[in-house]
file model16.pdb (PDB, C-alpha atoms)
ATOM      1  CA  MET A 113      30.485  71.886 -63.250  1.00  0.00           C
ATOM      2  CA  ALA A 114      33.715  70.142 -62.304  1.00  0.00           C
ATOM      3  CA  GLU A 115      35.229  73.509 -61.318  1.00  0.00           C
ATOM      4  CA  VAL A 116      32.245  74.235 -59.042  1.00  0.00           C
ATOM      5  CA  GLN A 117      32.581  70.853 -57.358  1.00  0.00           C
ATOM      6  CA  GLU A 118      36.319  71.369 -56.902  1.00  0.00           C
ATOM      7  CA  LYS A 119      35.698  74.781 -55.295  1.00  0.00           C
ATOM      8  CA  GLN A 120      33.112  73.245 -52.952  1.00  0.00           C
ATOM      9  CA  ILE A 121      35.595  70.557 -51.926  1.00  0.00           C
ATOM     10  CA  ASN A 122      38.311  73.142 -51.334  1.00  0.00           C
ATOM     11  CA  LYS A 123      35.930  75.157 -49.095  1.00  0.00           C
ATOM     12  CA  ARG A 124      35.501  72.229 -46.723  1.00  0.00           C
ATOM     13  CA  SER A 125      37.416  72.432 -43.474  1.00  0.00           C
ATOM     14  CA  PRO A 126      40.128  69.853 -42.681  1.00  0.00           C
ATOM     15  CA  GLU A 127      37.738  68.343 -40.122  1.00  0.00           C
ATOM     16  CA  GLN A 128      35.004  67.961 -42.758  1.00  0.00           C
ATOM     17  CA  ARG A 129      37.397  66.347 -45.205  1.00  0.00           C
ATOM     18  CA  GLU A 130      38.652  63.951 -42.532  1.00  0.00           C
ATOM     19  CA  ALA A 131      35.060  63.073 -41.598  1.00  0.00           C
ATOM     20  CA  ARG A 132      34.216  62.308 -45.236  1.00  0.00           C
ATOM     21  CA  ILE A 133      37.303  60.113 -45.583  1.00  0.00           C
ATOM     22  CA  ALA A 134      36.481  58.285 -42.357  1.00  0.00           C
ATOM     23  CA  ARG A 135      32.894  57.707 -43.497  1.00  0.00           C
ATOM     24  CA  ALA A 136      34.081  56.374 -46.875  1.00  0.00           C
ATOM     25  CA  ARG A 137      36.467  53.972 -45.144  1.00  0.00           C
ATOM     26  CA  LEU A 138      33.725  52.837 -42.779  1.00  0.00           C
ATOM     27  CA  LEU A 139      31.362  52.224 -45.697  1.00  0.00           C
ATOM     28  CA  GLU A 140      34.052  50.206 -47.472  1.00  0.00           C
ATOM     29  CA  SER A 141      34.496  48.036 -44.374  1.00  0.00           C
ATOM     30  CA  LEU A 142      30.760  47.289 -44.399  1.00  0.00           C
ATOM     31  CA  VAL A 143      30.809  45.567 -47.803  1.00  0.00           C
ATOM     32  CA  TYR A 144      29.590  41.987 -47.347  1.00  0.00           C
ATOM     33  CA  GLU A 145      29.837  40.893 -50.990  1.00  0.00           C
ATOM     34  CA  MET A 146      30.611  42.449 -54.347  1.00  0.00           C
ATOM     35  CA  TRP A 147      28.201  41.722 -57.207  1.00  0.00           C
ATOM     36  CA  ALA A 148      29.643  42.633 -60.616  1.00  0.00           C
ATOM     37  CA  GLY A 149      31.396  45.669 -59.171  1.00  0.00           C
ATOM     38  CA  LYS A 150      28.441  46.781 -57.040  1.00  0.00           C
ATOM     39  CA  PRO A 151      28.647  46.406 -53.255  1.00  0.00           C
ATOM     40  CA  VAL A 152      26.147  44.437 -51.214  1.00  0.00           C
ATOM     41  CA  TYR A 153      26.466  45.722 -47.676  1.00  0.00           C
ATOM     42  CA  TYR A 154      25.934  44.030 -44.343  1.00  0.00           C
ATOM     43  CA  ALA A 155      22.321  44.206 -43.173  1.00  0.00           C
ATOM     44  CA  GLY A 156      22.094  47.114 -40.751  1.00  0.00           C
ATOM     45  CA  TYR A 157      24.980  49.032 -42.311  1.00  0.00           C
ATOM     46  CA  LYS A 158      22.954  52.260 -42.319  1.00  0.00           C
ATOM     47  CA  ASP A 159      22.604  52.002 -38.539  1.00  0.00           C
ATOM     48  CA  VAL A 160      26.400  51.839 -38.300  1.00  0.00           C
ATOM     49  CA  LEU A 161      26.765  54.911 -40.517  1.00  0.00           C
ATOM     50  CA  ASN A 162      24.187  56.727 -38.372  1.00  0.00           C
ATOM     51  CA  GLY A 163      26.035  55.762 -35.205  1.00  0.00           C
ATOM     52  CA  THR A 164      23.184  53.737 -33.662  1.00  0.00           C
ATOM     53  CA  LYS A 165      25.003  50.400 -33.995  1.00  0.00           C
ATOM     54  CA  ALA A 166      28.605  49.249 -33.746  1.00  0.00           C
ATOM     55  CA  VAL A 167      30.292  47.521 -36.674  1.00  0.00           C
ATOM     56  CA  GLU A 168      30.507  44.294 -34.676  1.00  0.00           C
ATOM     57  CA  GLU A 169      26.728  44.224 -34.219  1.00  0.00           C
ATOM     58  CA  VAL A 170      26.050  43.818 -37.942  1.00  0.00           C
ATOM     59  CA  MET A 171      29.028  41.603 -38.749  1.00  0.00           C
ATOM     60  CA  SER A 172      28.787  39.133 -35.881  1.00  0.00           C
ATOM     61  CA  SER A 173      26.846  35.866 -35.920  1.00  0.00           C
ATOM     62  CA  SER A 174      24.247  34.850 -33.362  1.00  0.00           C
ATOM     63  CA  LEU A 175      25.138  32.184 -30.826  1.00  0.00           C
ATOM     64  CA  LEU A 176      22.936  29.674 -32.677  1.00  0.00           C
ATOM     65  CA  GLN A 177      24.580  30.458 -36.020  1.00  0.00           C
ATOM     66  CA  GLY A 178      28.026  30.057 -34.486  1.00  0.00           C
ATOM     67  CA  ILE A 179      27.138  26.742 -32.866  1.00  0.00           C
ATOM     68  CA  LEU A 180      25.654  25.419 -36.114  1.00  0.00           C
ATOM     69  CA  VAL A 181      28.775  26.232 -38.102  1.00  0.00           C
ATOM     70  CA  ALA A 182      31.078  24.768 -35.436  1.00  0.00           C
ATOM     71  CA  LYS A 183      29.070  21.537 -35.128  1.00  0.00           C
ATOM     72  CA  LEU A 184      28.748  21.193 -38.878  1.00  0.00           C
ATOM     73  CA  VAL A 185      32.459  21.710 -39.523  1.00  0.00           C
ATOM     74  CA  ALA A 186      33.315  19.145 -36.841  1.00  0.00           C
ATOM     75  CA  ARG A 187      30.949  16.638 -38.463  1.00  0.00           C
ATOM     76  CA  LEU A 188      32.356  17.215 -41.950  1.00  0.00           C
ATOM     77  CA  MET A 189      35.984  16.970 -40.850  1.00  0.00           C
ATOM     78  CA  ASN A 190      35.236  13.761 -38.983  1.00  0.00           C
ATOM     79  CA  ALA A 191      33.417  12.166 -41.939  1.00  0.00           C
ATOM     80  CA  LEU A 192      35.655  13.253 -44.823  1.00  0.00           C
ATOM     81  CA  ASN A 193      39.142  12.065 -45.731  1.00  0.00           C
ATOM     82  CA  GLU A 194      41.356  15.126 -45.326  1.00  0.00           C
ATOM     83  CA  ASP A 195      43.700  13.844 -48.029  1.00  0.00           C
ATOM     84  CA  GLU A 196      40.797  14.110 -50.476  1.00  0.00           C
ATOM     85  CA  PHE A 197      38.796  17.028 -49.114  1.00  0.00           C
ATOM     86  CA  THR A 198      39.522  20.299 -47.334  1.00  0.00           C
ATOM     87  CA  VAL A 199      36.844  21.959 -45.220  1.00  0.00           C
ATOM     88  CA  VAL A 200      37.095  25.760 -45.097  1.00  0.00           C
ATOM     89  CA  THR A 201      35.132  28.128 -42.864  1.00  0.00           C
ATOM     90  CA  ASN A 202      35.268  31.696 -41.450  1.00  0.00           C
ATOM     91  CA  GLU A 203      33.144  33.480 -44.075  1.00  0.00           C
ATOM     92  CA  LEU A 204      35.259  32.482 -47.052  1.00  0.00           C
ATOM     93  CA  GLY A 205      35.232  34.720 -50.125  1.00  0.00           C
ATOM     94  CA  ILE A 206      34.559  32.952 -53.433  1.00  0.00           C
ATOM     95  CA  GLN A 207      35.865  35.030 -56.340  1.00  0.00           C
ATOM     96  CA  PHE A 208      34.007  34.723 -59.656  1.00  0.00           C
ATOM     97  CA  LYS A 209      36.054  37.450 -61.344  1.00  0.00           C
ATOM     98  CA  LYS A 210      37.499  40.857 -60.483  1.00  0.00           C
ATOM     99  CA  ASN A 211      35.154  42.821 -58.195  1.00  0.00           C
ATOM    100  CA  ASP A 212      32.685  39.933 -58.153  1.00  0.00           C
ATOM    101  CA  TRP A 213      32.720  37.661 -55.104  1.00  0.00           C
ATOM    102  CA  ARG A 214      30.370  35.929 -52.645  1.00  0.00           C
ATOM    103  CA  ALA A 215      30.663  34.991 -48.985  1.00  0.00           C
ATOM    104  CA  CYS A 216      30.364  31.383 -47.835  1.00  0.00           C
ATOM    105  CA  ASP A 217      30.184  30.089 -44.248  1.00  0.00           C
ATOM    106  CA  VAL A 218      31.474  26.580 -44.974  1.00  0.00           C
ATOM    107  CA  ALA A 219      33.025  25.259 -48.186  1.00  0.00           C
ATOM    108  CA  ILE A 220      34.391  21.863 -49.134  1.00  0.00           C
ATOM    109  CA  PHE A 221      37.141  21.718 -51.742  1.00  0.00           C
ATOM    110  CA  SER A 222      38.881  18.817 -53.352  1.00  0.00           C
ATOM    111  CA  THR A 223      42.314  19.040 -51.718  1.00  0.00           C
ATOM    112  CA  ALA A 224      43.990  18.601 -55.092  1.00  0.00           C
ATOM    113  CA  GLN A 225      42.158  21.727 -56.321  1.00  0.00           C
ATOM    114  CA  LEU A 226      43.967  23.884 -53.807  1.00  0.00           C
ATOM    115  CA  ALA A 227      47.480  23.015 -54.988  1.00  0.00           C
ATOM    116  CA  ASP A 228      47.745  26.087 -57.236  1.00  0.00           C
ATOM    117  CA  GLN A 229      45.524  28.347 -55.160  1.00  0.00           C
ATOM    118  CA  ASP A 230      47.039  31.422 -53.486  1.00  0.00           C
ATOM    119  CA  LEU A 231      45.850  30.748 -49.941  1.00  0.00           C
ATOM    120  CA  THR A 232      46.229  34.402 -48.937  1.00  0.00           C
ATOM    121  CA  LYS A 233      43.477  35.470 -51.354  1.00  0.00           C
ATOM    122  CA  TYR A 234      39.827  34.639 -51.994  1.00  0.00           C
ATOM    123  CA  ALA A 235      39.103  31.273 -53.590  1.00  0.00           C
ATOM    124  CA  TRP A 236      39.045  31.643 -57.367  1.00  0.00           C
ATOM    125  CA  ILE A 237      38.087  28.002 -57.865  1.00  0.00           C
ATOM    126  CA  PRO A 238      34.589  26.661 -57.123  1.00  0.00           C
ATOM    127  CA  PRO A 239      34.102  24.598 -53.983  1.00  0.00           C
ATOM    128  CA  LYS A 240      32.497  21.218 -54.470  1.00  0.00           C
ATOM    129  CA  ILE A 241      30.036  22.076 -51.707  1.00  0.00           C
ATOM    130  CA  ALA A 242      28.990  25.522 -50.460  1.00  0.00           C
ATOM    131  CA  ILE A 243      27.075  25.820 -47.184  1.00  0.00           C
ATOM    132  CA  ALA A 244      25.602  29.005 -45.744  1.00  0.00           C
ATOM    133  CA  VAL A 245      23.789  29.630 -42.471  1.00  0.00           C
ATOM    134  CA  ASP A 246      21.318  32.465 -43.137  1.00  0.00           C
ATOM    135  CA  THR A 247      23.009  35.559 -44.583  1.00  0.00           C
ATOM    136  CA  LYS A 248      24.302  38.901 -43.371  1.00  0.00           C
ATOM    137  CA  ALA A 249      23.453  40.648 -46.655  1.00  0.00           C
ATOM    138  CA  ASP A 250      21.322  43.760 -46.955  1.00  0.00           C
ATOM    139  CA  PHE A 251      18.511  43.070 -49.459  1.00  0.00           C
ATOM    140  CA  THR A 252      17.930  46.672 -50.577  1.00  0.00           C
ATOM    141  CA  ARG A 253      19.170  46.177 -54.144  1.00  0.00           C
ATOM    142  CA  PHE A 254      17.179  42.959 -54.605  1.00  0.00           C
ATOM    143  CA  HIS A 255      13.479  42.479 -55.337  1.00  0.00           C
ATOM    144  CA  SER A 256      13.166  40.284 -52.240  1.00  0.00           C
ATOM    145  CA  ASP A 257      15.185  38.120 -49.886  1.00  0.00           C
ATOM    146  CA  PHE A 258      14.210  35.105 -52.017  1.00  0.00           C
ATOM    147  CA  ASN A 259      15.619  36.868 -55.076  1.00  0.00           C
ATOM    148  CA  TYR A 260      18.973  37.212 -53.291  1.00  0.00           C
ATOM    149  CA  TYR A 261      19.099  33.535 -52.290  1.00  0.00           C
ATOM    150  CA  GLN A 262      18.004  32.353 -55.733  1.00  0.00           C
ATOM    151  CA  GLU A 263      20.491  34.529 -57.624  1.00  0.00           C
ATOM    152  CA  LYS A 264      23.433  33.676 -55.386  1.00  0.00           C
ATOM    153  CA  THR A 265      22.650  29.959 -55.522  1.00  0.00           C
ATOM    154  CA  THR A 266      22.376  29.991 -59.313  1.00  0.00           C
ATOM    155  CA  GLN A 267      25.656  31.900 -59.616  1.00  0.00           C
ATOM    156  CA  LEU A 268      27.495  29.408 -57.405  1.00  0.00           C
ATOM    157  CA  LEU A 269      26.139  26.469 -59.405  1.00  0.00           C
ATOM    158  CA  ASN A 270      27.044  28.138 -62.699  1.00  0.00           C
ATOM    159  CA  PHE A 271      30.539  28.768 -61.331  1.00  0.00           C
ATOM    160  CA  GLY A 272      30.984  25.028 -60.870  1.00  0.00           C
ATOM    161  CA  THR A 273      29.833  24.292 -57.320  1.00  0.00           C
ATOM    162  CA  GLU A 274      28.226  20.851 -57.214  1.00  0.00           C
ATOM    163  CA  LYS A 275      25.836  21.505 -54.339  1.00  0.00           C
ATOM    164  CA  VAL A 276      24.657  24.561 -52.427  1.00  0.00           C
ATOM    165  CA  ILE A 277      23.104  24.086 -48.987  1.00  0.00           C
ATOM    166  CA  TRP A 278      21.298  26.901 -47.197  1.00  0.00           C
ATOM    167  CA  ILE A 279      20.476  26.517 -43.500  1.00  0.00           C
ATOM    168  CA  PHE A 280      17.799  28.896 -42.215  1.00  0.00           C
ATOM    169  CA  THR A 281      17.607  29.363 -38.450  1.00  0.00           C
ATOM    170  CA  GLU A 282      14.312  31.266 -38.260  1.00  0.00           C
ATOM    171  CA  SER A 283      12.186  28.828 -40.288  1.00  0.00           C
ATOM    172  CA  LYS A 284      14.333  25.806 -39.392  1.00  0.00           C
ATOM    173  CA  LYS A 285      14.494  24.734 -43.011  1.00  0.00           C
ATOM    174  CA  ILE A 286      17.332  23.536 -45.245  1.00  0.00           C
ATOM    175  CA  TRP A 287      17.419  24.348 -48.941  1.00  0.00           C
ATOM    176  CA  ILE A 288      19.511  22.082 -51.182  1.00  0.00           C
ATOM    177  CA  ALA A 289      20.339  22.990 -54.775  1.00  0.00           C
ATOM    178  CA  GLU A 290      22.198  20.956 -57.393  1.00  0.00           C
ATOM    179  CA  PRO A 291      22.624  21.676 -61.116  1.00  0.00           C
ATOM    180  CA  GLY A 292      20.040  19.991 -63.322  1.00  0.00           C
ATOM    181  CA  LYS A 293      17.887  18.908 -60.376  1.00  0.00           C
ATOM    182  CA  ASP A 294      14.857  20.262 -58.562  1.00  0.00           C
ATOM    183  CA  TRP A 295      15.844  22.344 -55.564  1.00  0.00           C
ATOM    184  CA  ILE A 296      14.693  20.651 -52.368  1.00  0.00           C
ATOM    185  CA  LEU A 297      13.459  22.066 -49.066  1.00  0.00           C
ATOM    186  CA  LYS A 298      13.909  19.910 -45.960  1.00  0.00           C
ATOM    187  CA  ASN A 299      13.395  20.145 -42.213  1.00  0.00           C
ATOM    188  CA  TRP A 300      16.138  20.119 -39.590  1.00  0.00           C
ATOM    189  CA  ASP A 301      15.180  16.601 -38.491  1.00  0.00           C
ATOM    190  CA  GLN A 302      15.776  15.131 -41.965  1.00  0.00           C
ATOM    191  CA  PRO A 303      19.104  13.714 -43.210  1.00  0.00           C
ATOM    192  CA  ILE A 304      21.106  15.896 -45.593  1.00  0.00           C
ATOM    193  CA  ASP A 305      23.535  14.219 -47.982  1.00  0.00           C
ATOM    194  CA  VAL A 306      26.673  16.272 -48.492  1.00  0.00           C
ATOM    195  CA  LEU A 307      29.032  13.891 -50.310  1.00  0.00           C
ATOM    196  CA  PRO A 308      29.092  10.085 -50.664  1.00  0.00           C
ATOM    197  CA  GLY A 309      29.520   8.689 -47.158  1.00  0.00           C
ATOM    198  CA  CYS A 310      28.969  12.078 -45.552  1.00  0.00           C
ATOM    199  CA  SER A 311      25.603  13.331 -44.313  1.00  0.00           C
ATOM    200  CA  PHE A 312      24.150  15.088 -41.294  1.00  0.00           C
ATOM    201  CA  VAL A 313      20.909  15.625 -39.406  1.00  0.00           C
ATOM    202  CA  LEU A 314      20.946  19.145 -38.037  1.00  0.00           C
ATOM    203  CA  ASP A 315      18.770  18.408 -35.009  1.00  0.00           C
ATOM    204  CA  VAL A 316      21.102  15.550 -34.067  1.00  0.00           C
ATOM    205  CA  LEU A 317      24.165  17.779 -34.399  1.00  0.00           C
ATOM    206  CA  LEU A 318      22.591  20.367 -32.116  1.00  0.00           C
ATOM    207  CA  THR A 319      21.159  18.092 -29.441  1.00  0.00           C
ATOM    208  CA  GLY A 320      23.396  15.047 -29.678  1.00  0.00           C
ATOM    209  CA  LYS A 321      20.279  12.890 -29.546  1.00  0.00           C
ATOM    210  CA  LYS A 322      19.613  10.351 -32.273  1.00  0.00           C
ATOM    211  CA  PRO A 323      16.209  10.612 -33.980  1.00  0.00           C
ATOM    212  CA  THR A 324      13.451   8.275 -32.817  1.00  0.00           C
ATOM    213  CA  PRO A 325      12.899   5.432 -35.354  1.00  0.00           C
TER
END
call {"tool": "encode", "arguments": {"input": "model16.pdb", "output": "structure tokens"}}
result
Amino acid sequence: MAEVQEKQINKRSPEQREARIARARLLESLVYEMWAGKPVYYAGYKDVLNGTKAVEEVMSSSLLQGILVAKLVARLMNALNEDEFTVVTNELGIQFKKNDWRACDVAIFSTAQLADQDLTKYAWIPPKIAIAVDTKADFTRFHSDFNYYQEKTTQLLNFGTEKVIWIFTESKKIWIAEPGKDWILKNWDQPIDVLPGCSFVLDVLLTGKKPTP
């Protein structure tokens, strides 16, 4: 069987071999997260492979998502003592173990935690707070989109993250999860506690208007 496969490979033209290599490299670039050695691709990755979408179309954030992250990071950096906490953004990779990592839009670390961290690699220590705005993951390998969110949240909490906050732009809901507590669903006009002395109201961040008493 192996000999037959080898002969088939050898029969391919140089152009065919180059095309296969290029496709494999493209597929590798479309990995959004790695779950226990198995890739979770960007939603829409098949459209990229088929040539109907550009890579940037599936990897890029919407304008609303970008504004939310920017406003949120500004709020966190203004409220937190940078000597105590470090706010990280830009789709950070959180490494559970080899070939097992998750993406995170905004993460808050204790600054002291980062002293021994290789800053050129994914974070192998748990952030105190993990915040995500929607997701870019393809749900094909999961039972449902809820299954993806639930599994990823549980994994982050088990890794040592103290609080996971999901911000959903379509439903305008915020999901907050902490270990040993009921997971809570809130609206964008409700206050969200991040850390002691640090909270936000998403509607206020977006509009700049304070809520009516």
call {"tool": "resolve_selection", "arguments": {"input": "model16.pdb", "expression": "the PyMOL selection byres ((chain A and resi 309) around 12)", "output": "JSON, numbers by chain"}}
result
{"A": [187, 188, 190, 191, 192, 193, 304, 305, 306, 307, 308, 310, 311, 312]}
call {"tool": "closest_residue", "arguments": {"input": "model16.pdb", "among": "A:Arg214, A:Lys248, A:Arg129, A:Lys165", "to": "Thr265 (chain A)", "atoms": "all atoms listed in the file"}}
result
A:Arg214
call {"tool": "closest_residue", "arguments": {"input": "model16.pdb", "among": "A:Cys216, A:Ala249, A:Leu269, A:Met189", "to": "Val170 (chain A)", "atoms": "only C-alpha atoms"}}
result
A:Ala249
call {"tool": "atom_distance", "arguments": {"input": "model16.pdb", "atom1": "CA of Tyr260 (chain A)", "atom2": "CA of Gly292 (chain A)"}}
result
20.0 Å
call {"tool": "residues_around", "arguments": {"input": "model16.pdb", "residues": "Gln262 (chain A)", "least_positions_apart": "4", "cutoff": "12 Å", "atoms": "only C-alpha atoms", "output": "JSON, numbers by chain"}}
result
{"A": [254, 255, 256, 257, 258, 266, 267, 268, 269, 276, 277, 278, 287, 288, 289, 295]}
call {"tool": "write_last_selection", "arguments": {"input": "model16.pdb", "atoms": "C-alpha atoms", "output": "PDB file, keeping the file's coordinate frame"}}
result
ATOM      1  CA  PHE A 254      17.179  42.959 -54.605  1.00  0.00           C
ATOM      2  CA  HIS A 255      13.479  42.479 -55.337  1.00  0.00           C
ATOM      3  CA  SER A 256      13.166  40.284 -52.240  1.00  0.00           C
ATOM      4  CA  ASP A 257      15.185  38.120 -49.886  1.00  0.00           C
ATOM      5  CA  PHE A 258      14.210  35.105 -52.017  1.00  0.00           C
ATOM      6  CA  THR A 266      22.376  29.991 -59.313  1.00  0.00           C
ATOM      7  CA  GLN A 267      25.656  31.900 -59.616  1.00  0.00           C
ATOM      8  CA  LEU A 268      27.495  29.408 -57.405  1.00  0.00           C
ATOM      9  CA  LEU A 269      26.139  26.469 -59.405  1.00  0.00           C
ATOM     10  CA  VAL A 276      24.657  24.561 -52.427  1.00  0.00           C
ATOM     11  CA  ILE A 277      23.104  24.086 -48.987  1.00  0.00           C
ATOM     12  CA  TRP A 278      21.298  26.901 -47.197  1.00  0.00           C
ATOM     13  CA  TRP A 287      17.419  24.348 -48.941  1.00  0.00           C
ATOM     14  CA  ILE A 288      19.511  22.082 -51.182  1.00  0.00           C
ATOM     15  CA  ALA A 289      20.339  22.990 -54.775  1.00  0.00           C
ATOM     16  CA  TRP A 295      15.844  22.344 -55.564  1.00  0.00           C
TER      17      TRP A 295
END
call {"tool": "atom_distance", "arguments": {"input": "model16.pdb", "atom1": "CA of Trp213 (chain A)", "atom2": "CA of Tyr153 (chain A)"}}
result
12.6 Å
call {"tool": "resolve_selection", "arguments": {"input": "model16.pdb", "expression": "the PyMOL selection byres ((chain A and resi 237) around 8)", "output": "list in words"}}
result
Ile206, Gln207, Gln225, Gln229, Ala235, Trp236, Pro238 and Pro239 of chain A
call {"tool": "resolve_selection", "arguments": {"input": "model16.pdb", "expression": "the PyMOL selection byres ((chain A and resi 200-204) around 7)", "output": "JSON, numbers by chain"}}
result
{"A": [198, 199, 205, 206, 215, 216, 217, 218, 219, 220]}
call {"tool": "closest_residue", "arguments": {"input": "model16.pdb", "among": "A:Ile286, A:Leu138, A:Leu297, A:Val245", "to": "Leu176 (chain A)", "atoms": "only C-alpha atoms"}}
result
A:Val245
call {"tool": "closest_residue", "arguments": {"input": "model16.pdb", "among": "A:Pro303, A:Thr281, A:Ile243, A:Met146", "to": "Val185 (chain A)", "atoms": "all atoms listed in the file"}}
result
A:Ile243
